[in-house]
Structure formats: structure tokens, C-alpha cells
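Take a look at the structure below.
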Amino acid sequence: MAKKKITKAVYLKWYEDMLFWRKFEDKTSALYIQQKIRGFLHLYNGQEAILTGSLFAMEPGDKMITAYRNHVQPIGMGVDPRKIMAELMGKKTGTSEGNGGSMHMFSKEHHFYGGHGIVGGQIPLGAGLAFGDKYAGRNNVTYCYMGDGATRQGAFHETMNLAMLWKLPVVFVIENNGYAMGTSVERTANHTDIWKLGLGYEMPCGPVDGMDPEKVYEAMNEATERARKGDGPTLLEIRTYRYKGHSMSDAQHYRTKDEVAEYQLKDPIGKVLKIIKDKKYATAKQIEEIDNRVKNLVKECVDFADESPFPEPENLYAHVYSEKDYPFIKN
């Protein structure tokens, strides 16, 4: 497919989407402190350009699978954000009826396949999704995301080998935010160019500026078209930065405030907003209207989740076994 043109409408959508994702995550942080969200909570702040550029490269029917930093990806794929907030708060109206929580978002309807809490666990599953499409003759591509720490798992290397051997239609994306939890890339390997791991499998690979949605789109589009044509997988190391800790319990002693401030100057939301202003794509009033829409939608999500009921205790036994094969679970 020909490269898409990045128009005024695209920039305005990018700005509104990324701003909503950022404010949505900020609100979940506040709700966590209020103990309305429990367990683990991993925020995507700073990495929004990766999702923005990826979504622009996708076509209907393409799939996405990722790790546990996974609240906004399903929203980008079309899942109702109110249901995502309800799931985070453990409510019955959530995407998994409150059973999955923060790390296990899922929507088969919208081709979003998780949300996986086991580091690297989603990598072979992403290859499996792509294998299914190839086997069934569907001309779709799977985007499989992972953190830099997941590339140290054996499953990563096994998957790279089979994906190349079978020429699977999958794009492997390393979201390199510099730290595996609190451990820097420099402390986990004798190289910092993670994308070079693809060279050992003769897989097309390369680095990408993850703070710029245009550059992400260009790289993802090229990799996607390669996969769609039957030429197999690509490994992209998209270099980004998370502005929050690994999770809400992370004191972030491993990095300085100056380092965080340096990367905040590269904020993808600010970068897109600057282009909108420089090219006069929107007036100050129109930008304010976008900001207000985002604010109101976040409030709507919280209100929906707050007003939703918790699941009944017996719901713990639902969707675990088949009632046909295990009739005793009704008792």
C-alpha cells in the first residue's frame, strides 16, 4: 500500500489521541493513590508516539499484542475507554469483567490480544497470531511489542528463529525506554544497539526515533508492507522514554531528575502540538476545545467506572472451565 499522507487532520487526531492517553494514564495514577485501582499499574507516559505511528500504519484486521504496559493500546484499537477504566478498577463492566485488571487487557473483537504479565511471554504468542493468519491465507500483519528487558529471554530468540524460517507476517517492536524495570540496557548486555539482535537471524532490523510519530509511522509502514507481501518479519528497536517509574511502586533511584527533564523536552505530544501551531492547523480556541474534550472524556471514564458494580464472588469461576465439560462448576 502506498505511503499515507500526514495531513492537518492526521496531526489534529494525533494530538487529541496522545493527549487523551496521557491524561487517562495520569488519572489512573491518581486513582491508584486513592486505592481505587489496586495491584500493579504501569503507565505509558512518554511512549505515546510509538502507538500513534503504529496505528497509522495498520489496516483493518491487523493484530496487536504487547506486555503489561497496556492500558492505552486497546483504546487506540477501538475499545471503549470507559471499559478500560472499569477494568482497571476491577468492575463488572470492564473488558474482562474486572478479572484481568491493569496487566491483562484483551479484546478479540478489536484484534487486541493482550496485555501479558510474564516478561517476554507475548513474543511467541505474537508469532503464533501471525502464523494463524498465514496458515488461513489472511493478508494481515501482527504487531508484537516488548520491552528492552524481554529481549534477554530465551523465548525471544526461539521466536526470531521460527519467524524467519517460516517468513511470518509479524513486526517485532522493542520499546526501548532505557530500563528493564530499574536496570539500564548497559548493565544487561555488552551492546546497546538492541536492534542488531536481528542480524543473527538475517532479519531486517534497525533503530527508530520513538519520540516522533512520523518516524515511527515510516518505519512501521515499511516493515508492515514487507510482511504483507510475504517477505517475513522485521525487528525494530524504537527508542523512547517513560516519564513515570516502571510501576507505581518504583522510587526511580536509578535515574536522575535531570535525565527525565532532558527527555521531557522531546515529549511527542509537545512536538506534535508545536507543528500544529507552526503550521496554523488550529487556533488557540480550537486547541482549547480539544483539551476540554479530553478532560471531559477522562471524567466520563472515571464516572462510568465509579458507578459500575463490582463482580459477584461466584464470577471467579466463570470462563475458567467449560460448563459442558465440567457441569459441577454450577454447584
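Letters A, B, ... mark the chains of the C-alpha cells in the order given; residue numbers begin at 1 per chain; ligand numbers begin at 1, in order shown.
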Quiz prompt | 8 Å contact set for Thr234 (chain A), only C-alpha atoms, chain neighbours under 5 positions out, as a VMD selection string | solution = chain A and resid 170 to 172 198 203 to 205 223 227
Exercise. Run DSSP on the backbone and give me the residues of region 38-160 of chain A it puts in strand (DSSP E), as a list in words.
Key: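 DSSP on the backbone gives strand (DSSP E) at Lys63, Met64, Ile65, Thr142, Tyr143, Cys144, Tyr145, Met146 and Gly147 of chain A.
Taking only C-alpha atoms into account, Trp14 (chain A) lies nearest to A:Ser54 out of the set A:Ser29, A:Ser54, A:Thr151, A:Gln34.
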Quiz prompt | Near-Ile50 (chain A) list (10 Å; only C-alpha atoms; drop same-chain fewer than 4 positions) as a ChimeraX atom specification | solution = /A:46,54-55,173,175,208-217,220,238-240,268
With N, CA and C atoms retained, export the selected residues as a compact mmCIF listing (two decimals), in the first residue's frame.
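Okay, this is what ended up in part-v5.txt:
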```
# COMPACT_ATOMS: atom_id res chain seq x y z
N GLY A 46 5.00 9.14 27.87
CA GLY A 46 6.25 9.36 27.15
C GLY A 46 6.42 8.49 25.93
N SER A 54 2.25 3.57 14.91
CA SER A 54 1.89 2.19 14.58
C SER A 54 0.45 2.10 14.06
N LEU A 55 -0.46 2.74 14.77
CA LEU A 55 -1.87 2.69 14.38
C LEU A 55 -2.07 3.25 12.98
N VAL A 173 8.48 -5.26 17.76
CA VAL A 173 8.84 -3.91 18.18
C VAL A 173 9.40 -3.93 19.60
N GLU A 175 10.22 -1.71 22.50
CA GLU A 175 10.02 -0.36 23.03
C GLU A 175 11.13 -0.11 24.05
N VAL A 208 14.79 3.21 15.57
CA VAL A 208 13.79 4.21 15.20
C VAL A 208 13.68 5.23 16.33
N ASP A 209 13.49 6.50 15.98
CA ASP A 209 13.25 7.54 16.97
C ASP A 209 11.82 7.41 17.48
N GLY A 210 11.67 6.92 18.71
CA GLY A 210 10.36 6.66 19.27
C GLY A 210 9.66 7.86 19.87
N MET A 211 10.28 9.04 19.77
CA MET A 211 9.65 10.25 20.28
C MET A 211 9.00 11.06 19.15
N ASP A 212 9.03 10.52 17.94
CA ASP A 212 8.49 11.21 16.77
C ASP A 212 7.52 10.28 16.04
N PRO A 213 6.20 10.55 16.08
CA PRO A 213 5.23 9.65 15.46
C PRO A 213 5.41 9.49 13.96
N GLU A 214 5.93 10.54 13.28
CA GLU A 214 6.17 10.43 11.84
C GLU A 214 7.23 9.38 11.54
N LYS A 215 8.32 9.42 12.31
CA LYS A 215 9.40 8.47 12.07
C LYS A 215 8.97 7.05 12.44
N VAL A 216 8.15 6.94 13.47
CA VAL A 216 7.61 5.62 13.84
C VAL A 216 6.74 5.09 12.71
N TYR A 217 5.88 5.94 12.19
CA TYR A 217 5.00 5.51 11.09
C TYR A 217 5.81 5.04 9.89
N MET A 220 7.33 1.65 10.67
CA MET A 220 6.30 0.62 10.80
C MET A 220 5.64 0.33 9.45
N ILE A 238 12.57 0.66 18.79
CA ILE A 238 12.04 2.02 18.83
C ILE A 238 12.45 2.64 20.15
N ARG A 239 13.33 3.63 20.06
CA ARG A 239 13.93 4.23 21.25
C ARG A 239 13.05 5.33 21.81
N THR A 240 12.63 5.14 23.03
CA THR A 240 11.66 6.02 23.67
C THR A 240 12.09 6.30 25.10
N PRO A 268 6.62 13.75 22.75
CA PRO A 268 5.94 13.65 21.44
C PRO A 268 4.67 14.48 21.36
```
Practice problem: Go through A:Gly178, A:Gly39, A:Gly206, A:Gly200 one by one, measure the shortest atom-to-atom distance of each to Arg242 (chain A) using only C-alpha atoms, and give the residue with the smallest value. | Solution: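 Answer, going by the shortest atom-to-atom distance: A:Gly178.
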Self-check item: Surrounding residues of Gly232 (chain A) excluding itself and chain neighbours under 4 positions, 6 Å, only C-alpha atoms, as a ChimeraX atom specification
Solution: /A:167-169,227
Quiz prompt | Long-range neighbours of region 249-261 of chain A as a ChimeraX atom specification, 12 Å cut-off, only C-alpha atoms, 2 positions minimum in chain | solution = /A:29,32-33,38-43,45-46,177-184,187,240-247,263-267
